[in-house]
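Participant: Supplied structure: entry.txt, compact mmCIF, C-alpha atoms.
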# COMPACT_ATOMS: atom_id res chain seq x y z
CA MET A 1 -0.19 26.91 23.92
CA SER A 2 -0.54 23.44 22.45
CA LYS A 3 -3.97 22.04 21.76
CA ARG A 4 -5.17 19.58 24.37
CA ILE A 5 -5.56 16.22 22.69
CA LEU A 6 -7.60 13.28 23.99
CA GLN A 7 -6.62 9.93 22.49
CA VAL A 8 -9.62 7.61 22.87
CA VAL A 9 -8.27 4.10 22.39
CA GLU A 10 -10.93 1.50 21.69
CA GLY A 11 -9.38 -0.94 19.22
CA ALA A 12 -7.19 -3.47 20.95
CA TYR A 13 -4.70 -6.18 20.05
CA ARG A 14 -4.83 -5.29 16.35
CA ALA A 15 -1.43 -6.18 14.88
CA THR A 16 0.23 -5.77 18.29
CA ILE A 17 2.37 -8.88 17.73
CA GLU A 18 3.42 -7.89 14.20
CA GLU A 19 4.20 -4.35 15.29
CA GLN A 20 5.61 -5.31 18.72
CA ASP A 21 3.59 -2.38 20.02
CA ASP A 22 0.08 -1.08 20.01
CA THR A 23 0.43 1.46 17.21
CA VAL A 24 -1.89 4.00 18.80
CA VAL A 25 -0.16 3.81 22.18
CA TRP A 26 3.14 4.13 20.30
CA PHE A 27 1.81 7.11 18.33
CA THR A 28 0.81 8.74 21.60
CA GLN A 29 4.26 8.29 23.04
CA ALA A 30 5.80 9.69 19.85
CA ILE A 31 3.78 12.89 19.88
CA LYS A 32 4.23 13.30 23.62
CA GLY A 33 7.95 13.15 22.97
CA GLY A 34 7.50 15.82 20.33
CA GLY A 35 5.78 18.13 22.82
CA ALA A 36 2.10 17.33 22.45
CA ASP A 37 -0.33 17.85 25.33
CA VAL A 38 -1.96 14.46 25.21
CA THR A 39 -4.22 12.40 27.46
CA VAL A 40 -5.37 8.82 26.93
CA LEU A 41 -8.80 7.30 27.53
CA LEU A 42 -8.97 3.51 27.29
CA ARG A 43 -12.40 2.09 26.51
CA GLY A 44 -13.89 -1.11 25.13
CA HIS A 45 -11.39 -3.93 24.77
CA ALA A 46 -8.52 -1.47 25.15
CA VAL A 47 -9.16 -1.35 28.93
CA ASN A 48 -7.44 -4.72 28.97
CA TYR A 49 -4.16 -2.98 28.12
CA ALA A 50 -4.05 -1.97 31.79
CA VAL A 51 -4.12 -5.53 33.06
CA LYS A 52 -1.08 -6.82 34.93
CA GLY A 53 0.52 -10.06 33.85
CA GLN A 54 -0.10 -9.93 30.10
CA ASP A 55 2.47 -12.10 28.39
CA ALA A 56 2.82 -12.26 24.63
CA SER A 57 6.33 -13.68 24.70
CA GLY A 58 7.60 -16.89 23.19
CA LEU A 59 6.36 -16.79 19.63
CA ALA A 60 8.55 -18.24 16.91
CA PHE A 61 7.90 -18.59 13.19
CA GLY A 62 10.10 -21.35 11.94
CA ASP A 63 13.38 -20.78 13.74
CA ARG A 64 12.88 -17.01 13.83
CA LYS A 65 11.93 -16.01 17.38
CA GLN A 66 10.23 -12.85 18.47
CA THR A 67 12.53 -11.33 21.06
CA GLN A 68 10.66 -8.05 21.68
CA PRO A 69 7.01 -8.88 22.30
CA PRO A 70 4.65 -5.99 23.01
CA ASP A 71 4.54 -4.77 26.62
CA LEU A 72 1.23 -2.98 26.60
CA SER A 73 0.72 -2.41 30.31
CA GLY A 74 4.38 -1.43 30.61
CA ASP A 75 3.86 1.22 27.93
CA LEU A 76 0.98 2.65 29.94
CA VAL A 77 3.14 2.78 33.06
CA ARG A 78 5.90 4.53 31.10
CA MET A 79 3.45 7.06 29.66
CA ILE A 80 2.07 7.79 33.12
CA ALA A 81 5.62 8.31 34.40
CA LYS A 82 6.14 10.86 31.61
CA GLY A 83 3.13 12.83 32.66
CA VAL A 84 0.44 11.43 30.38
CA SER A 85 -2.86 11.00 32.22
CA VAL A 86 -4.38 7.62 31.38
CA TYR A 87 -8.07 7.20 32.05
CA VAL A 88 -9.88 3.89 31.92
CA VAL A 89 -13.63 3.33 31.61
CA ARG A 90 -14.84 1.69 34.79
CA ASP A 91 -17.97 0.18 33.20
CA ASP A 92 -15.89 -1.50 30.51
CA LEU A 93 -13.59 -2.97 33.14
CA ALA A 94 -16.53 -4.37 35.10
CA ALA A 95 -18.08 -5.80 31.95
CA ARG A 96 -14.86 -7.73 31.44
CA GLY A 97 -14.66 -8.99 35.03
CA LEU A 98 -11.81 -6.66 35.94
CA THR A 99 -11.25 -4.88 39.24
CA PRO A 100 -8.66 -2.24 40.19
CA ALA A 101 -6.53 -4.99 41.73
CA ASP A 102 -6.05 -6.47 38.27
CA LEU A 103 -4.59 -3.29 36.86
CA VAL A 104 -1.30 -1.44 36.85
CA ASP A 105 -1.02 1.62 39.06
CA GLY A 106 -1.56 5.21 38.10
CA LEU A 107 -4.78 4.96 36.09
CA THR A 108 -7.73 7.26 36.58
CA PRO A 109 -11.15 5.56 36.38
CA VAL A 110 -14.04 7.27 34.66
CA THR A 111 -17.57 6.08 33.94
CA THR A 112 -19.18 5.99 30.51
CA ALA A 113 -21.64 8.61 31.74
CA GLU A 114 -18.76 10.97 32.48
CA ILE A 115 -17.30 10.80 28.97
CA PRO A 116 -19.44 13.55 27.37
CA ALA A 117 -18.31 16.07 29.96
CA MET A 118 -14.74 14.84 29.64
CA LEU A 119 -14.69 15.44 25.88
CA GLY A 120 -15.50 19.09 26.49
CA ARG A 121 -12.15 19.60 28.23
CA TYR A 122 -10.10 18.84 25.12
CA ASP A 123 -9.50 20.77 21.93
CA LEU A 124 -9.11 17.67 19.78
CA VAL A 125 -10.55 14.18 20.26
CA TRP A 126 -8.86 11.45 18.24
CA HIS A 127 -10.78 8.20 18.38
CA TRP A 128 -8.90 5.02 17.45
CA MET B 1 3.90 33.73 -4.48
CA THR B 2 2.06 37.06 -4.85
CA ARG B 3 0.75 39.00 -1.89
CA SER B 4 -2.85 38.09 -2.75
CA GLU B 5 -1.85 34.42 -2.98
CA GLU B 6 -0.23 34.74 0.45
CA VAL B 7 -3.38 36.30 1.86
CA ALA B 8 -5.55 33.65 0.25
CA MET B 9 -3.35 30.93 1.71
CA THR B 10 -3.60 32.49 5.16
CA GLU B 11 -7.36 32.76 4.95
CA ARG B 12 -7.87 29.29 3.50
CA LYS B 13 -9.15 26.86 6.07
CA LYS B 14 -6.72 24.13 7.00
CA LEU B 15 -7.66 20.55 7.77
CA ALA B 16 -5.51 17.61 8.82
CA LEU B 17 -6.67 14.04 8.20
CA LEU B 18 -5.09 10.80 9.35
CA LEU B 19 -5.76 7.54 7.53
CA MET B 20 -4.81 4.05 8.65
CA ASP B 21 -6.40 1.51 6.33
CA ALA B 22 -4.42 -0.33 3.71
CA PRO B 23 -5.78 -0.16 0.17
CA TYR B 24 -8.51 -2.58 -0.83
CA GLU B 25 -9.29 -3.63 2.74
CA SER B 26 -11.96 -1.26 3.98
CA ALA B 27 -14.75 1.00 2.84
CA ARG B 28 -13.16 3.66 5.03
CA THR B 29 -10.56 4.25 2.33
CA THR B 30 -13.20 5.23 -0.21
CA THR B 31 -14.93 7.49 2.30
CA ALA B 32 -11.59 9.08 3.16
CA LEU B 33 -10.86 9.78 -0.50
CA ARG B 34 -14.35 11.23 -0.91
CA LEU B 35 -13.65 13.58 2.00
CA VAL B 36 -10.32 14.60 0.49
CA ASP B 37 -12.08 15.21 -2.84
CA ALA B 38 -14.75 17.36 -1.20
CA ALA B 39 -12.10 19.36 0.64
CA ALA B 40 -9.96 19.70 -2.49
CA ARG B 41 -12.88 20.98 -4.56
CA ARG B 42 -13.41 23.72 -1.98
CA GLY B 43 -9.82 24.85 -2.28
CA LEU B 44 -8.96 23.98 1.31
CA ASP B 45 -5.44 23.50 2.64
CA LEU B 46 -5.38 19.81 3.45
CA THR B 47 -2.71 17.62 5.02
CA VAL B 48 -3.28 13.88 4.84
CA PHE B 49 -1.05 11.77 7.06
CA CYS B 50 -0.99 8.07 6.27
CA TYR B 51 -0.26 5.76 9.18
CA GLU B 52 0.11 1.99 9.19
CA GLY B 53 -1.41 0.26 6.15
CA ALA B 54 -2.52 3.51 4.56
CA VAL B 55 1.08 4.20 3.52
CA ALA B 56 0.54 1.66 0.73
CA LEU B 57 -2.08 3.89 -0.88
CA SER B 58 0.66 5.81 -2.67
CA PHE B 59 2.94 2.89 -3.56
CA ALA B 60 4.31 3.58 -7.03
CA ARG B 61 4.30 -0.05 -8.17
CA GLN B 62 0.54 -0.54 -8.03
CA ALA B 63 -0.64 -1.81 -11.40
CA PRO B 64 -4.08 -2.12 -12.95
CA HIS B 65 -5.35 -5.52 -14.05
CA ALA B 66 -7.86 -7.13 -16.39
CA ASN B 67 -11.01 -8.79 -15.11
CA ALA B 68 -11.53 -12.21 -16.63
CA VAL B 69 -14.62 -12.87 -14.50
CA HIS B 70 -16.30 -9.98 -16.29
CA GLY B 71 -14.54 -10.55 -19.59
CA ARG B 72 -12.77 -7.18 -19.52
CA ASP B 73 -9.21 -6.47 -20.55
CA VAL B 74 -7.10 -3.94 -18.68
CA ALA B 75 -8.31 -1.03 -20.75
CA GLN B 76 -11.95 -2.06 -20.50
CA GLU B 77 -11.76 -2.69 -16.77
CA ASP B 78 -10.45 0.85 -16.37
CA HIS B 79 -9.60 0.26 -12.72
CA PRO B 80 -7.52 3.09 -11.26
CA ASN B 81 -5.21 2.20 -8.42
CA PRO B 82 -5.24 4.30 -5.23
CA LYS B 83 -2.09 6.16 -6.29
CA ASP B 84 -4.02 7.37 -9.35
CA TRP B 85 -6.87 8.67 -7.22
CA ILE B 86 -4.35 10.50 -5.04
CA ALA B 87 -2.64 12.08 -8.05
CA ALA B 88 -6.01 13.26 -9.37
CA LEU B 89 -6.87 14.71 -5.97
CA MET B 90 -3.63 16.67 -5.90
CA VAL B 91 -4.45 18.15 -9.29
CA GLN B 92 -7.98 18.94 -8.11
CA ALA B 93 -6.68 20.72 -5.03
CA GLU B 94 -4.34 22.88 -7.06
CA GLN B 95 -6.97 23.69 -9.68
CA SER B 96 -9.33 24.79 -6.94
CA GLY B 97 -6.76 27.11 -5.38
CA GLY B 98 -6.05 24.80 -2.49
CA ARG B 99 -3.28 22.48 -1.44
CA LEU B 100 -3.02 18.79 -0.69
CA ALA B 101 0.02 17.53 1.19
CA TRP B 102 0.13 13.71 1.34
CA ILE B 103 2.59 12.42 3.92
CA ASN B 104 3.43 8.83 4.84
CA CYS B 105 4.67 7.67 8.21
CA GLY B 106 8.24 6.74 7.36
CA LEU B 107 8.63 3.78 9.70
CA CYS B 108 5.33 2.37 8.47
CA VAL B 109 6.66 2.67 4.91
CA ASP B 110 9.91 0.94 5.78
CA GLU B 111 8.36 -2.05 7.52
CA ARG B 112 5.98 -2.58 4.61
CA GLY B 113 8.63 -2.14 1.93
CA VAL B 114 6.57 0.43 0.05
CA GLY B 115 9.23 3.10 -0.15
CA GLU B 116 8.77 3.61 -3.88
CA VAL B 117 6.05 6.19 -3.83
CA ALA B 118 4.25 8.20 -6.45
CA ALA B 119 5.39 11.72 -7.23
CA GLY B 120 4.68 14.40 -4.64
CA ILE B 121 4.30 12.07 -1.67
CA GLY B 122 6.09 13.11 1.51
CA ARG B 123 7.59 11.15 4.40
CA GLY B 124 7.25 12.02 8.05
CA SER B 125 6.42 10.84 11.54
CA PRO B 126 3.53 11.12 13.99
CA VAL B 127 5.09 14.37 15.18
CA ASP B 128 4.47 15.81 11.70
CA PHE B 129 0.79 14.93 11.98
CA TRP B 130 0.69 16.53 15.40
CA LYS B 131 2.31 19.71 14.00
CA ALA B 132 -0.19 19.73 11.12
CA ALA B 133 -2.99 19.33 13.66
CA GLU B 134 -1.63 22.23 15.72
CA ALA B 135 -1.62 24.43 12.60
CA ALA B 136 -4.97 23.23 11.25
CA ASP B 137 -8.42 24.61 11.89
CA ASN B 138 -9.58 21.07 12.51
CA THR B 139 -8.52 17.45 12.30
CA LEU B 140 -10.12 14.06 11.74
CA VAL B 141 -8.52 10.72 12.55
CA ILE B 142 -10.02 7.84 10.57
CA PRO B 143 -9.03 4.76 12.56
CA THR B 144 -8.78 1.24 11.32
CA ARG B 145 -10.72 -1.60 12.89
CA GLY B 146 -10.15 -5.22 13.54
CA MET C 1 -20.14 25.52 23.65
CA THR C 2 -18.26 23.75 20.85
CA GLY C 3 -20.36 21.48 18.70
CA TYR C 4 -19.55 17.91 17.83
CA LEU C 5 -19.44 15.79 14.69
CA LEU C 6 -19.51 12.05 15.25
CA ILE C 7 -19.05 9.76 12.27
CA GLU C 8 -20.40 6.23 12.57
CA SER C 9 -19.58 3.67 9.91
CA ARG C 10 -20.82 0.61 11.80
CA ASP C 11 -24.27 -0.92 12.14
CA PRO C 12 -25.46 -1.90 15.65
CA LEU C 13 -26.17 -5.33 14.18
CA GLU C 14 -22.47 -5.82 13.55
CA SER C 15 -21.02 -4.07 16.57
CA ASN C 16 -22.22 -3.21 20.05
CA ASP C 17 -19.91 -0.23 19.89
CA ALA C 18 -22.24 1.43 17.41
CA SER C 19 -24.69 1.69 20.31
CA TYR C 20 -21.97 3.37 22.35
CA GLY C 21 -21.68 5.94 19.59
CA TYR C 22 -25.41 6.59 19.61
CA ASP C 23 -25.41 6.97 23.40
CA LEU C 24 -22.42 9.28 23.28
CA ALA C 25 -24.06 11.50 20.66
CA ALA C 26 -27.23 11.69 22.75
CA GLY C 27 -25.23 12.39 25.91
CA LEU C 28 -23.38 15.26 24.27
CA ALA C 29 -26.65 16.72 22.98
CA ARG C 30 -28.20 16.51 26.43
CA GLN C 31 -25.30 18.63 27.66
CA GLY C 32 -26.52 21.34 25.32
CA ALA C 33 -23.99 20.94 22.52
CA ALA C 34 -24.90 21.00 18.85
CA VAL C 35 -24.25 17.42 17.77
CA THR C 36 -24.32 15.83 14.34
CA LEU C 37 -24.15 12.07 13.94
CA PHE C 38 -23.12 11.34 10.36
CA LEU C 39 -23.86 7.78 9.30
CA VAL C 40 -21.74 6.40 6.50
CA GLN C 41 -20.96 3.01 4.92
CA ASN C 42 -22.75 0.20 6.80
CA GLY C 43 -23.64 2.76 9.44
CA VAL C 44 -26.62 3.77 7.27
CA PHE C 45 -28.32 0.38 7.56
CA PRO C 46 -30.46 1.42 10.57
CA ALA C 47 -31.91 4.12 8.34
CA ARG C 48 -33.84 1.35 6.60
CA ARG C 49 -36.65 0.51 9.03
CA SER C 50 -35.54 -2.49 11.05
CA ALA C 51 -34.89 -3.62 14.62
CA SER C 52 -32.04 -1.08 14.80
CA THR C 53 -34.09 1.95 13.79
CA ALA C 54 -35.63 2.60 17.23
CA ALA C 55 -32.17 3.20 18.66
CA LEU C 56 -31.49 5.76 15.95
CA GLU C 57 -34.83 7.44 16.56
CA ALA C 58 -33.91 7.77 20.23
CA VAL C 59 -30.78 9.65 19.17
CA VAL C 60 -32.92 12.03 17.14
CA GLN C 61 -35.22 12.51 20.12
CA ALA C 62 -32.22 13.49 22.24
CA GLY C 63 -31.67 16.45 19.91
CA VAL C 64 -28.93 15.08 17.68
CA GLU C 65 -28.91 16.01 14.00
CA VAL C 66 -28.70 12.61 12.31
CA LEU C 67 -27.48 12.64 8.74
CA ALA C 68 -27.06 9.63 6.47
CA ASP C 69 -24.53 9.74 3.64
CA GLU C 70 -26.42 9.95 0.36
CA PHE C 71 -23.95 7.79 -1.50
CA SER C 72 -23.95 5.05 1.18
CA LEU C 73 -27.76 5.01 1.12
CA ARG C 74 -27.87 4.76 -2.68
CA GLU C 75 -25.13 2.14 -2.70
CA ARG C 76 -27.30 -0.03 -0.43
CA GLY C 77 -30.59 0.65 -2.19
CA ILE C 78 -32.04 2.56 0.76
CA GLN C 79 -34.49 5.06 -0.69
CA GLY C 80 -34.20 8.54 0.77
CA ASP C 81 -37.94 8.97 1.06
CA ARG C 82 -38.14 6.01 3.44
CA LEU C 83 -35.80 7.35 6.08
CA PRO C 84 -37.10 7.57 9.64
CA ALA C 85 -38.34 10.95 10.79
CA GLY C 86 -35.44 13.13 11.85
CA VAL C 87 -32.85 11.33 9.72
CA ALA C 88 -31.87 13.26 6.61
CA ALA C 89 -29.83 12.18 3.63
CA ALA C 90 -26.79 14.41 3.17
CA PRO C 91 -23.82 14.69 0.87
CA ILE C 92 -20.31 13.99 2.16
CA ASP C 93 -19.77 17.74 2.05
CA ALA C 94 -21.79 17.92 5.26
CA VAL C 95 -18.74 16.46 7.03
CA ILE C 96 -16.44 19.09 5.54
CA ASP C 97 -18.95 21.82 6.46
CA ARG C 98 -18.84 20.81 10.09
CA LEU C 99 -15.09 20.33 10.17
CA VAL C 100 -14.60 23.81 8.75
CA GLU C 101 -17.11 25.12 11.27
CA GLY C 102 -14.81 23.85 14.00
CA ARG C 103 -16.89 21.03 15.42
CA LYS C 104 -14.94 18.63 17.58
CA ALA C 105 -14.90 15.67 15.18
CA PHE C 106 -14.18 12.03 15.61
CA TRP C 107 -14.83 8.82 13.76
CA LEU C 108 -16.29 6.23 16.10
Please express what this file holds, its structure, as structure tokens.

Facilitator:
Amino acid sequence: MSKRILQVVEGAYRATIEEQDDTVVWFTQAIKGGGADVTVLLRGHAVNYAVKGQDASGLAFGDRKQTQPPDLSGDLVRMIAKGVSVYVVRDDLAARGLTPADLVDGLTPVTTAEIPAMLGRYDLVWHW
Amino acid sequence: MTRSEEVAMTERKKLALLLMDAPYESARTTTALRLVDAAARRGLDLTVFCYEGAVALSFARQAPHANAVHGRDVAQEDHPNPKDWIAALMVQAEQSGGRLAWINCGLCVDERGVGEVAAGIGRGSPVDFWKAAEAADNTLVIPTRG
Amino acid sequence: MTGYLLIESRDPLESNDASYGYDLAAGLARQGAAVTLFLVQNGVFPARRSASTAALEAVVQAGVEVLADEFSLRERGIQGDRLPAGVAAAPIDAVIDRLVEGRKAFWL
């Protein structure tokens, strides 16, 4: 049986334009595709990845346009559709003025206080 | 491999590490290399997977330089590049009866143009890190920041 | 119950998330787990008595083993004999020890 992996994603918007992805979300999708048993917990600024209406399109450098901007909330929706549970820290949402209505569907809220118990359910915790 | 070497390899603890930071950008790189050194000296079986900027740690075209601010020529400055540290760590691992596999994320290498790597460096994908993690006794991801 | 190894390289003065790490370590210890918080790089700054030290002492009080990387301390001129009670200087091997032991390990 595969090890249960919890991907705790805290860093946000680091090189997401250059990479046209969040590289940790991408990594998660890659190992899920390879057969990993993986769950995601968004905390800190990364809770903003769940916000609807993010739009990073339209950048151009000289006459070279970016045609594939990152679609961070879309990636979460796609991961959820593929069976990856995506948790989001409720306190971090509130601290950023976010409510469930601001977010894409399919997320599971969790409080900061619940995180210690949550960590115990996974074999590996990878913190990014 | 002899039977006793096989047994030793089976009994040797296995660790998998993931690094993300590009060379010369973060103190995390030095700490990571110190961890690899400590593991190598113990003869552990260690897989290091380099993701994102960390793939440049093993770029073959790194070159040492002089230090005019301190009045030192190249020889006097004696400033090893990360690829040199990695090579020394591989030797250390072998001398201690262990193993160090250093693998770069291939797509990260390609987009950074650092495909010329030092001897002994492998190429893989996140799935390879996951497989190493499945086989390892433990793993540690050293994330980047910023 | 599996133990934990948390590695903190940030100082609360530079990042609020260092406080999150302290709270998480304390929370895990209160659950009954063996928890080590290994401070490294700028994460050792609270080990020099300052406004940040009380937060670290609270982590010790919660039952967390707090270790400060010997090299990081020396690099910053923080003398080992001036560490707060309950914070011990330790070599980097302490991280390998706990990884080999099987502690659930993550770098904050």

Participant: Which one is closest to chain A: C:Ala18, C:Leu39, C:Val87, C:Ala105? Count all atoms listed in the file.

Facilitator: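 The shortest atom-to-atom distance to chain A comes from C:Ala105.
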
Participant: Skipping near chain neighbours, those fewer than 4 positions away, what residues fall within 12 Å of Arg96 of chain A using only C-alpha atoms, listed as a ChimeraX atom specification?

Facilitator: /A:43-48,51,89-92,102

Participant: Using only C-alpha atoms, which residues sit within 8 Å of segment 50-60 of chain B once same-chain residues fewer than 6 positions away are excluded, as an mmCIF file with C-alpha atoms, in the coordinates of the input?

Facilitator:
data_model
loop_
_atom_site.group_PDB
_atom_site.id
_atom_site.type_symbol
_atom_site.label_atom_id
_atom_site.label_comp_id
_atom_site.auth_asym_id
_atom_site.auth_seq_id
_atom_site.Cartn_x
_atom_site.Cartn_y
_atom_site.Cartn_z
ATOM 1 C CA LEU B 18 -5.090 10.800 9.350
ATOM 2 C CA LEU B 19 -5.760 7.540 7.530
ATOM 3 C CA MET B 20 -4.810 4.050 8.650
ATOM 4 C CA ASP B 21 -6.400 1.510 6.330
ATOM 5 C CA ALA B 22 -4.420 -0.330 3.710
ATOM 6 C CA PRO B 23 -5.780 -0.160 0.170
ATOM 7 C CA PRO B 82 -5.240 4.300 -5.230
ATOM 8 C CA LYS B 83 -2.090 6.160 -6.290
ATOM 9 C CA ILE B 86 -4.350 10.500 -5.040
ATOM 10 C CA TRP B 102 0.130 13.710 1.340
ATOM 11 C CA ILE B 103 2.590 12.420 3.920
ATOM 12 C CA ASN B 104 3.430 8.830 4.840
ATOM 13 C CA CYS B 105 4.670 7.670 8.210
ATOM 14 C CA CYS B 108 5.330 2.370 8.470
ATOM 15 C CA VAL B 109 6.660 2.670 4.910
ATOM 16 C CA ARG B 112 5.980 -2.580 4.610
ATOM 17 C CA VAL B 114 6.570 0.430 0.050
ATOM 18 C CA GLY B 115 9.230 3.100 -0.150
ATOM 19 C CA GLU B 116 8.770 3.610 -3.880
ATOM 20 C CA VAL B 117 6.050 6.190 -3.830
ATOM 21 C CA ALA B 118 4.250 8.200 -6.450
ATOM 22 C CA ILE B 121 4.300 12.070 -1.670
#

Participant: Sorted by chain and rising residue number, which residues of chain C lie within 7 Å of chain A, and what are their closest atom pairs and distances in Å to one decimal, counting only C-alpha atoms, as a Markdown table?

Facilitator:
| residue | atom | partner | partner_atom | distance |
| --- | --- | --- | --- | --- |
| C:Leu24 | CA | A:Pro116 | CA | 6.6 |
| C:Gly27 | CA | A:Pro116 | CA | 6.1 |
| C:Leu28 | CA | A:Pro116 | CA | 5.3 |
| C:Lys104 | CA | A:Leu124 | CA | 6.3 |
| C:Ala105 | CA | A:Val125 | CA | 6.9 |
| C:Phe106 | CA | A:His127 | CA | 5.8 |
| C:Trp107 | CA | A:His127 | CA | 6.2 |
| C:Leu108 | CA | A:His127 | CA | 6.3 |

Participant: Between C:Met1, C:Ala85, C:Val66, C:Val40, which residue has the minimum interatomic distance to chain B, considering only C-alpha atoms?

Facilitator: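 Nearest candidate to chain B out of C:Met1, C:Ala85, C:Val66, C:Val40: C:Val40.
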
Participant: Using all atoms listed in the file, pick whichever of C:Gly102, C:Gly77, C:Gly86, C:Pro46 has the shortest atom-to-atom distance to chain B.

Facilitator: C:Gly102

Participant: Work out how far apart atom CA of Ile5 of chain A and atom CA of Ser85 of chain A are and give it in Å to one decimal.

Facilitator: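 A separation of 11.2 Å between them.
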
Participant: Return as number ranges by chain the residues belonging to chain B that are within 12 Å of chain C, counting only C-alpha atoms.

Facilitator: B: 12-19, 26-46, 136-146

Participant: Using atom CA of Phe49 of chain B and atom CA of Phe129 of chain B as the two end points, give the distance in Å to one decimal.

Facilitator: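 We find that atom CA of Phe49 of chain B and atom CA of Phe129 of chain B lie 6.1 Å from each other.
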
Participant: Step by step, gather every atom of segment 72-82 of chain A that the file lists, find the box along x, y and z that holds them, add 6 Å on each side, and finally give centre and edge lengths in Å to one decimal, as AutoDock Vina command-line options.

Facilitator:
--center_x 3.4 --center_y 3.9 --center_z 30.5 --size_x 17.4 --size_y 25.8 --size_z 19.8
